[in-house]
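Engineer: Okay, here's the structure, questions in a sec.
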Amino acid sequence: MITLLTDFGVTDYFVAAVKGVILSINPQAQIIDITHEIPAQDIFSAAFTLGACYHNFPAGTIHVAVVDPGVGSKRRPLIIEAGGFHFVGPDNGIFSYVYSRESEINVFHILSEEYFHRPVSPTFHGRDVFGPVAARLSLGDRPDALAERIDDYVKFVIPQPEVNKKTGPIEGSIIHIDRFGNCITNFTTDDLSSGQSMIMIRMQVKNHEIKRFGTHFEQAGGKDDLFAYPGSAGYWEIAVWCGSAAQVLGVRVGDKVVVDLNR
Amino acid sequence: MITLLTDFGVTDYFVAAVKGVILSINPQAQIIDITHEIPAQDIFSAAFTLGACYHNFPAGTIHVAVVDPGVGSKRRPLIIEAGGFHFVGPDNGIFSYVYSRESEINVFHILSEEYFHRPVSPTFHGRDVFGPVAARLSLGDRPDALAERIDDYVKFVIPQPEVNKKTGPIEGSIIHIDRFGNCITNFTTDDLSSGQSMIMIRMQVKNHEIKRFGTHFEQAGGKDDLFAYPGSAGYWEIAVWCGSAAQVLGVRVGDKVVVDLNR
Amino acid sequence: MITLLTDFGVTDYFVAAVKGVILSINPQAQIIDITHEIPAQDIFSAAFTLGACYHNFPAGTIHVAVVDPGVGSKRRPLIIEAGGFHFVGPDNGIFSYVYSRESEINVFHILSEEYFHRPVSPTFHGRDVFGPVAARLSLGDRPDALAERIDDYVKFVIPQPEVNKKTGPIEGSIIHIDRFGNCITNFTTDDLSSGQSMIMIRMQVKNHEIKRFGTHFEQAGGKDDLFAYPGSAGYWEIAVWCGSAAQVLGVRVGDKVVVDLNR
């Protein structure tokens, strides 16, 4: 099983070319799209999206992630073994959530060009490098047959909230905005809860105060009411009933979220 | 075989998470997307779309439909047996076209939480409830092993035209607008035909009169000419050659369509 | 293996209906989407997109391409054998790139209606004609059992640059614009290179001069700098780093590109 996550979009031939090349190598491969609608060149969004679902797939799944502004340059093509999965893609931080969550990680720099699709286009390694390598892995090839282990892979820092349950307000940030305009913060459920009970009393974003908390959307109150809840990716999120919290708040990824805890 | 119909969009991790969970339970499942682009929370559009294609799939297909503004509340999760298919989704009317078309219908309220994906997110039952249940059904589990039969399921009234072939004009409505802007009415082919011959002489929507009728687009006449034809979903539709009938007419779902029959 | 390329979009039931019908005939069929986002009725864009990836699929793949403004009229439904593949779709030029690239081509006019999905909607041959025929081919039916060979199929002229390496500037055109706004010209790599070395010294589009050439995006220079490179579809393309070359240039498909060669 091979998943694909890219910023290729679905209007052009790009995704089909990758799939065709994979299926030409391994016609039995089962290919699942994660998404191809990552905003162009947005490695951070790709990393979050991969991090939110890679673990839902069966052990042994090969996850191919290609958001790759440096395609054709010296940035290294990688295979990663972690969490019972393989990952294939560029060494640009796209696997940062995987690195931060998995304890045993082996990262390999792909050196053998034997299995590349020829000629290798310097602008389309999805088709010519990453797809074929994933197809080889799905046939049982081992990473160390294609690649050399490295330790100096690129990993960006995933912003963590300053959590101190003994003192005053703590500060986090928006790490993702989904297609509904829901704003995913970097507060985990544990950060803001103590056992079964929530210990947050106030959440502030820009000049907006979120006072309504709950677990599901029907508790969200009236139109345009801001509403926070523990989201399905494991983080607290901010939503607006039938609307876009991102628009109501006027926020972008990276903006600050301040929380008061009740203690 | 499992189909998915949602309003999750394809930019986020949502659809992939559902698929990953299903494939973790049944790696042999063949998953087909109906669409994930139902307008957010538009149960009526979801119901129409499901109704227009569920019967094209092989007997035994499991159709998962999740447009679910009430997720996490007390609305019931359902399994339905009808027409040789299974359906899985929330009890909010999304299966209304199925209920209205199939004669033998068994509706089950999912009670057993044994197979849910843990922890169950109150905002993502597609991943944690409906996906896993569909995967269990695809492995041969029977609905009555997971769920309890009910009769008071939610069903909205599908608007029917007032058809009286003996009297004056009859009145129907727009029940769907597709991505080309074609307007699907609730007049079936039978409503407006008598054997092979069409008996409609005039169709009116707002202040627009449609005078041109036919069976395929090349008969549509010039640019901006309104054109009505028996559409592929079994209903009369209104189109504009190379344009959007919805825009030309200025209509929305629910707007009135009046027809004069020739008798 | 069956691929689908259409202008149906992914918001309606159209694509699912085609897949359902195929899988009802051959439940073992593996269906891959090329794209369903071809601009409505844009046969030229469909032809380019198919041409850019059909050859990446395994031999024996059945490519179904349906952008079909003449659906329901007398335009003929076709099966084509070429390059080790089958192609199924309308006789409107959508297979022009296939015709121009493959040397042995057999084109068949589908006459037998035995396998059509009934009743055949005059507006949805994807579901009722092309899908079922592709499904039959995937079961091993031979084209000549369903169709009659013809030679007068529709083929549009793919614009070729006027290449004369001995004289002055040569003139080509934009044949495609991708979702990033990259402009694909009809200059092949061979047209503008001599062995390993590039022989182009200047490229002009409208009143813009492209002076920067390279092989991959990181060489593209600053924001809004125009940049030309040999693209992954085998043609020279024009891009802008983190932007849309089509917008910067103000071009559309068909616009002229002039090149000076160094000789």
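Ordering of the structure tokens sets the chain letters (A, B, ...), residue numbers begin anew at 1 in every chain, and ligands are numbered from 1 in the order given.
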If we count only C-alpha atoms, what is near Tyr153 in chain C at a cut-off of 8 Å, once residues fewer than 2 positions away on the same chain are taken out, given as a list of chain:residue names?
Structural biologist: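 In the requested form, the answer reads C:Asp91, C:Val107, C:Ile150, C:Asp151, C:Lys155.
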Engineer: Output C-alpha atoms of each residue in that selection to a file, as a PDB file, in the first residue's frame.
Structural biologist:
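And here's again.pdb as it stands now:
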ATOM      1  CA  ASP C  91     -14.318  10.896 -32.042  1.00  0.00           C
ATOM      2  CA  VAL C 107      -9.267   3.024 -34.718  1.00  0.00           C
ATOM      3  CA  ILE C 150     -12.362   3.199 -39.583  1.00  0.00           C
ATOM      4  CA  ASP C 151      -9.704   5.498 -41.005  1.00  0.00           C
ATOM      5  CA  LYS C 155      -7.590  14.521 -35.479  1.00  0.00           C
TER       6      LYS C 155
END
Engineer: Check every residue of chain A for an atom within 9 Å of chain C, counting only C-alpha atoms, and provide those that qualify as a PDB file with N, CA and C atoms, in the first residue's frame.
Structural biologist:
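Contents of the output file out_10.pdb:
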ATOM      1  N   PHE A   8       0.625  18.841  -6.128  1.00  0.00           N
ATOM      2  CA  PHE A   8       0.522  18.793  -7.595  1.00  0.00           C
ATOM      3  C   PHE A   8      -0.835  19.258  -8.107  1.00  0.00           C
ATOM      4  N   GLY A   9      -1.842  19.290  -7.252  1.00  0.00           N
ATOM      5  CA  GLY A   9      -3.192  19.555  -7.732  1.00  0.00           C
ATOM      6  C   GLY A   9      -3.735  18.364  -8.493  1.00  0.00           C
ATOM      7  N   VAL A  10      -5.005  18.450  -8.869  1.00  0.00           N
ATOM      8  CA  VAL A  10      -5.613  17.316  -9.565  1.00  0.00           C
ATOM      9  C   VAL A  10      -6.110  17.696 -10.949  1.00  0.00           C
ATOM     10  N   THR A  11      -5.651  18.866 -11.448  1.00  0.00           N
ATOM     11  CA  THR A  11      -6.116  19.276 -12.766  1.00  0.00           C
ATOM     12  C   THR A  11      -5.155  18.859 -13.877  1.00  0.00           C
ATOM     13  N   ASP A  12      -3.908  18.594 -13.519  1.00  0.00           N
ATOM     14  CA  ASP A  12      -2.887  18.286 -14.523  1.00  0.00           C
ATOM     15  C   ASP A  12      -2.592  16.791 -14.558  1.00  0.00           C
ATOM     16  N   TYR A  13      -1.604  16.406 -15.342  1.00  0.00           N
ATOM     17  CA  TYR A  13      -1.249  15.000 -15.501  1.00  0.00           C
ATOM     18  C   TYR A  13      -0.301  14.516 -14.423  1.00  0.00           C
ATOM     19  N   PHE A  14       0.114  15.360 -13.508  1.00  0.00           N
ATOM     20  CA  PHE A  14       1.213  15.033 -12.597  1.00  0.00           C
ATOM     21  C   PHE A  14       0.931  13.793 -11.751  1.00  0.00           C
ATOM     22  N   VAL A  15      -0.198  13.795 -11.069  1.00  0.00           N
ATOM     23  CA  VAL A  15      -0.510  12.681 -10.172  1.00  0.00           C
ATOM     24  C   VAL A  15      -0.645  11.384 -10.970  1.00  0.00           C
ATOM     25  N   ALA A  16      -1.306  11.462 -12.112  1.00  0.00           N
ATOM     26  CA  ALA A  16      -1.489  10.265 -12.935  1.00  0.00           C
ATOM     27  C   ALA A  16      -0.150   9.714 -13.397  1.00  0.00           C
ATOM     28  N   ALA A  17       0.780  10.609 -13.721  1.00  0.00           N
ATOM     29  CA  ALA A  17       2.092  10.140 -14.174  1.00  0.00           C
ATOM     30  C   ALA A  17       2.795   9.369 -13.054  1.00  0.00           C
ATOM     31  N   VAL A  18       2.715   9.895 -11.829  1.00  0.00           N
ATOM     32  CA  VAL A  18       3.330   9.196 -10.691  1.00  0.00           C
ATOM     33  C   VAL A  18       2.685   7.815 -10.512  1.00  0.00           C
ATOM     34  N   LYS A  19       1.357   7.783 -10.559  1.00  0.00           N
ATOM     35  CA  LYS A  19       0.675   6.502 -10.368  1.00  0.00           C
ATOM     36  C   LYS A  19       1.008   5.517 -11.481  1.00  0.00           C
ATOM     37  N   GLY A  20       1.054   6.015 -12.715  1.00  0.00           N
ATOM     38  CA  GLY A  20       1.366   5.144 -13.840  1.00  0.00           C
ATOM     39  C   GLY A  20       2.745   4.519 -13.692  1.00  0.00           C
ATOM     40  N   VAL A  21       3.702   5.330 -13.266  1.00  0.00           N
ATOM     41  CA  VAL A  21       5.067   4.824 -13.096  1.00  0.00           C
ATOM     42  C   VAL A  21       5.115   3.785 -11.968  1.00  0.00           C
ATOM     43  N   ILE A  22       4.435   4.066 -10.869  1.00  0.00           N
ATOM     44  CA  ILE A  22       4.402   3.096  -9.762  1.00  0.00           C
ATOM     45  C   ILE A  22       3.771   1.784 -10.232  1.00  0.00           C
ATOM     46  N   LEU A  23       2.642   1.886 -10.912  1.00  0.00           N
ATOM     47  CA  LEU A  23       1.919   0.683 -11.328  1.00  0.00           C
ATOM     48  C   LEU A  23       2.654  -0.065 -12.440  1.00  0.00           C
ATOM     49  N   SER A  24       3.494   0.634 -13.178  1.00  0.00           N
ATOM     50  CA  SER A  24       4.306  -0.062 -14.182  1.00  0.00           C
ATOM     51  C   SER A  24       5.368  -0.926 -13.508  1.00  0.00           C
ATOM     52  N   ILE A  25       5.821  -0.497 -12.337  1.00  0.00           N
ATOM     53  CA  ILE A  25       6.819  -1.275 -11.589  1.00  0.00           C
ATOM     54  C   ILE A  25       6.139  -2.351 -10.750  1.00  0.00           C
ATOM     55  N   PRO A  27       2.298  -3.578 -10.486  1.00  0.00           N
ATOM     56  CA  PRO A  27       0.876  -3.473 -10.837  1.00  0.00           C
ATOM     57  C   PRO A  27      -0.056  -3.837  -9.681  1.00  0.00           C
ATOM     58  N   ALA A  40       0.739  25.305  -2.894  1.00  0.00           N
ATOM     59  CA  ALA A  40       1.997  25.125  -3.623  1.00  0.00           C
ATOM     60  C   ALA A  40       3.196  25.462  -2.730  1.00  0.00           C
ATOM     61  N   GLN A  41       4.088  24.509  -2.601  1.00  0.00           N
ATOM     62  CA  GLN A  41       5.376  24.676  -1.911  1.00  0.00           C
ATOM     63  C   GLN A  41       5.255  24.883  -0.401  1.00  0.00           C
ATOM     64  N   PRO A  69       9.995  22.391  -3.257  1.00  0.00           N
ATOM     65  CA  PRO A  69      10.477  23.562  -4.006  1.00  0.00           C
ATOM     66  C   PRO A  69      11.917  23.399  -4.477  1.00  0.00           C
ATOM     67  N   GLY A  70      12.676  22.557  -3.812  1.00  0.00           N
ATOM     68  CA  GLY A  70      14.083  22.385  -4.180  1.00  0.00           C
ATOM     69  C   GLY A  70      14.320  21.273  -5.186  1.00  0.00           C
ATOM     70  N   VAL A  71      13.270  20.795  -5.833  1.00  0.00           N
ATOM     71  CA  VAL A  71      13.430  19.683  -6.777  1.00  0.00           C
ATOM     72  C   VAL A  71      14.508  20.004  -7.815  1.00  0.00           C
ATOM     73  N   GLY A  72      15.376  19.054  -8.050  1.00  0.00           N
ATOM     74  CA  GLY A  72      16.429  19.244  -9.046  1.00  0.00           C
ATOM     75  C   GLY A  72      17.707  19.838  -8.486  1.00  0.00           C
ATOM     76  N   SER A  73      17.626  20.425  -7.281  1.00  0.00           N
ATOM     77  CA  SER A  73      18.830  20.975  -6.652  1.00  0.00           C
ATOM     78  C   SER A  73      19.513  19.877  -5.845  1.00  0.00           C
ATOM     79  N   VAL A 120      15.479  11.319 -15.954  1.00  0.00           N
ATOM     80  CA  VAL A 120      14.986  11.996 -14.754  1.00  0.00           C
ATOM     81  C   VAL A 120      14.787  13.477 -15.064  1.00  0.00           C
ATOM     82  N   SER A 121      13.531  13.936 -14.991  1.00  0.00           N
ATOM     83  CA  SER A 121      13.273  15.361 -15.173  1.00  0.00           C
ATOM     84  C   SER A 121      13.707  16.100 -13.920  1.00  0.00           C
ATOM     85  N   PRO A 122      14.480  17.191 -14.066  1.00  0.00           N
ATOM     86  CA  PRO A 122      14.906  17.933 -12.871  1.00  0.00           C
ATOM     87  C   PRO A 122      13.754  18.655 -12.186  1.00  0.00           C
ATOM     88  N   THR A 123      12.570  18.631 -12.781  1.00  0.00           N
ATOM     89  CA  THR A 123      11.431  19.291 -12.135  1.00  0.00           C
ATOM     90  C   THR A 123      10.344  18.325 -11.695  1.00  0.00           C
ATOM     91  N   PHE A 124      10.555  17.027 -11.857  1.00  0.00           N
ATOM     92  CA  PHE A 124       9.460  16.100 -11.543  1.00  0.00           C
ATOM     93  C   PHE A 124      10.001  14.810 -10.915  1.00  0.00           C
TER      94      PHE A 124
END
Engineer: Could you pull out all residues of range 85-214 of chain A with a DSSP call of helix (DSSP H, G or I) and give them as a list of chain:residue names?
Structural biologist: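 Answer for range 85-214 of chain A, restricted to helix (DSSP H, G or I): A:Ser96, A:Tyr97, A:Val98, A:Tyr99, A:Ser100, A:Arg101, A:His125, A:Gly126, A:Arg127, A:Asp128, A:Val129, A:Phe130, A:Gly131, A:Pro132, A:Val133, A:Ala134, A:Ala135, A:Arg136, A:Leu137, A:Ser138, A:Pro143, A:Asp144, A:Ala145, A:Leu146, A:Asp190, A:Asp191, A:Leu192.
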Engineer: Quick check, in Å to one decimal: how far apart do CA of Gln160 in chain A and CA of Glu102 in chain A lie?
Structural biologist: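 A separation of 16.7 Å between them.
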Engineer: Would you list the contacts of Asp152 in chain C as a PyMOL selection string, taking every protein, DNA or RNA residue within 12 Å and counting only C-alpha atoms, but skipping same-chain residues closer than 6 positions in sequence?
Structural biologist: chain C and resi 76+78+91-93+106-109
Engineer: Can you list, as a list of chain:residue names, every protein, DNA or RNA residue that comes within 10 Å of Leu111 in chain A when you count only C-alpha atoms, leaving out same-chain residues fewer than 6 positions away?
Structural biologist: A:Arg76, A:Pro77, A:Leu78, A:Asp144, A:Ala145, A:Leu146, A:Ala147, A:Glu148
Engineer: Convert the current residue selection to file output with N, CA and C atoms, as a PDB file, in the first residue's frame.
Structural biologist:
ATOM      1  N   ARG A  76      18.490  16.351  -0.719  1.00  0.00           N
ATOM      2  CA  ARG A  76      18.609  14.904  -0.870  1.00  0.00           C
ATOM      3  C   ARG A  76      17.261  14.199  -0.938  1.00  0.00           C
ATOM      4  N   PRO A  77      17.134  13.181  -1.756  1.00  0.00           N
ATOM      5  CA  PRO A  77      15.944  12.330  -1.719  1.00  0.00           C
ATOM      6  C   PRO A  77      16.093  11.309  -0.599  1.00  0.00           C
ATOM      7  N   LEU A  78      15.005  11.087   0.156  1.00  0.00           N
ATOM      8  CA  LEU A  78      15.092  10.259   1.362  1.00  0.00           C
ATOM      9  C   LEU A  78      14.130   9.074   1.350  1.00  0.00           C
ATOM     10  N   ASP A 144      18.297  -0.020   2.643  1.00  0.00           N
ATOM     11  CA  ASP A 144      19.754   0.024   2.601  1.00  0.00           C
ATOM     12  C   ASP A 144      20.318  -0.543   1.294  1.00  0.00           C
ATOM     13  N   ALA A 145      19.441  -1.137   0.479  1.00  0.00           N
ATOM     14  CA  ALA A 145      19.902  -1.556  -0.849  1.00  0.00           C
ATOM     15  C   ALA A 145      19.890  -0.391  -1.829  1.00  0.00           C
ATOM     16  N   LEU A 146      19.118   0.632  -1.529  1.00  0.00           N
ATOM     17  CA  LEU A 146      18.970   1.768  -2.450  1.00  0.00           C
ATOM     18  C   LEU A 146      19.632   3.025  -1.920  1.00  0.00           C
ATOM     19  N   ALA A 147      19.947   3.039  -0.614  1.00  0.00           N
ATOM     20  CA  ALA A 147      20.228   4.306   0.037  1.00  0.00           C
ATOM     21  C   ALA A 147      21.195   4.099   1.195  1.00  0.00           C
ATOM     22  N   GLU A 148      21.748   5.210   1.628  1.00  0.00           N
ATOM     23  CA  GLU A 148      22.775   5.191   2.666  1.00  0.00           C
ATOM     24  C   GLU A 148      22.253   5.942   3.888  1.00  0.00           C
TER      25      GLU A 148
END
Engineer: Between CA of Asn207 in chain A and CA of Ile184 in chain A, what distance in Å does the model show, to one decimal?
Structural biologist: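 CA of Asn207 in chain A sits 17.7 Å away from CA of Ile184 in chain A.
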